[in-house]
Amino acid sequence: MKNVLIINGHQKYEGIANGGLSQFLVNHADDFLKEAGYTIQHTVIQNEYNIQEELDKFSWADCIFFQFPTFWMGTPWLTKKYIDDIFSAGYGTVTYDGGEGNENNEYGTSGLMKEKKYMLSLTYNAPSNSFSNKNGFFEGLSLDEVNVATHKTFKYCGATPLESYAMYDVYNGKLDMPKIKSDFLKVLKNNFI
């Protein structure tokens, strides 16, 4: 695994979500992976993208690093549009082939990304104690369970998840950026070294 596609799924909302935290994580992922000997390509969803070029990047990548802020419990709508555009356009060539791929004809077994891995990196307004806490907002669901739609999209295409990362409580004004960087780099090390 030496080729990584880094996708910045941020969508700017002036004064609310300017993209600095997503860019912080993307920059540190880029630096870490380059230093570890990986070859990197980038996509910034908020910029215009060419669907065929994105499919070529998906074909090339051994791993997809997907950073996005969580807006209203899901991906920003531009990020969802990107997923719809790219994963659908990859039918029969890059993402899935439409048939059910195993001998039992089971749903979700026709993915063409079986040799690929992916990592979700997220920013949340919710504090970390909202997750995996039966009394918390997410009623006991873990970070990965809350992001089931994105995970299932990759699973449908056959990709294998790496450990997810999240920066929590981003609006509290008390972010400890050195600790956040250290925690993030530990997850990257677990996934890529």
# chains A, B, ... in the order shown; residues from 1 in each chain; ligands from 1
$ residues_around --residues "A:Cys63" --least-positions-apart "4" --cutoff "9 Å" --atoms "only C-alpha atoms" --output "ChimeraX atom specification"
/A:1-6,58,115-119,159
$ write_last_selection --atoms "C-alpha atoms" --output "compact mmCIF listing (two decimals), in the first residue's frame"
# COMPACT_ATOMS: atom_id res chain seq x y z
CA MET A 1 0.00 0.00 0.00
CA LYS A 2 1.96 2.99 -1.26
CA ASN A 3 -0.53 5.23 -3.13
CA VAL A 4 -2.92 7.36 -1.08
CA LEU A 5 -5.69 9.62 -2.33
CA ILE A 6 -6.38 12.35 0.21
CA PHE A 58 -9.53 5.86 -7.28
CA GLU A 115 -7.75 -4.57 -2.70
CA LYS A 116 -8.22 -1.04 -1.35
CA LYS A 117 -8.42 0.42 2.14
CA TYR A 118 -9.91 3.65 3.40
CA MET A 119 -9.70 5.87 6.46
CA ALA A 159 -12.88 -1.57 0.49
$ atom_distance --atom1 "atom CA of A:Thr43" --atom2 "atom CA of A:Lys12"
15.3 Å
$ select_by_dssp --residues "stretch 16-169 of chain A" --states "alpha helix (DSSP H)" --output "PyMOL selection string"
chain A and resi 20-35+51-60+77-89+143-146+148-156
$ closest_residue --among "A:Tyr82, A:Phe138, A:Tyr156, A:Tyr49" --to "A:Glu106" --atoms "only C-alpha atoms"
A:Tyr156
$ atom_distance --atom1 "atom CA of A:Asp176" --atom2 "atom CA of A:Lys189"
20.0 Å
$ residues_around --residues "A:Leu112" --least-positions-apart "3" --cutoff "7 Å" --atoms "only C-alpha atoms" --output "number ranges by chain"
A: 94-97, 157-158
$ write_last_selection --atoms "N, CA and C atoms" --output "CSV table (one decimal), in the first residue's frame"
chain,number,residue,atom,x,y,z
A,94,VAL,N,-14.5,0.7,-11.7
A,94,VAL,CA,-13.7,1.1,-10.6
A,94,VAL,C,-14.3,0.7,-9.2
A,95,THR,N,-15.6,1.0,-9.1
A,95,THR,CA,-16.2,0.9,-7.7
A,95,THR,C,-17.0,-0.4,-7.5
A,96,TYR,N,-17.9,-0.7,-8.4
A,96,TYR,CA,-18.7,-1.9,-8.2
A,96,TYR,C,-19.2,-2.4,-9.6
A,97,ASP,N,-19.6,-3.7,-9.7
A,97,ASP,CA,-20.0,-4.1,-11.1
A,97,ASP,C,-21.5,-4.4,-11.2
A,157,CYS,N,-18.5,-1.4,-2.0
A,157,CYS,CA,-17.5,-1.4,-3.1
A,157,CYS,C,-16.3,-2.3,-2.8
A,158,GLY,N,-16.3,-2.9,-1.6
A,158,GLY,CA,-15.3,-3.9,-1.2
A,158,GLY,C,-14.1,-3.4,-0.5
$ closest_residue --among "A:Gly9, A:Gly98, A:Pro127, A:Gly140" --to "A:Lys174" --atoms "only C-alpha atoms"
A:Pro127
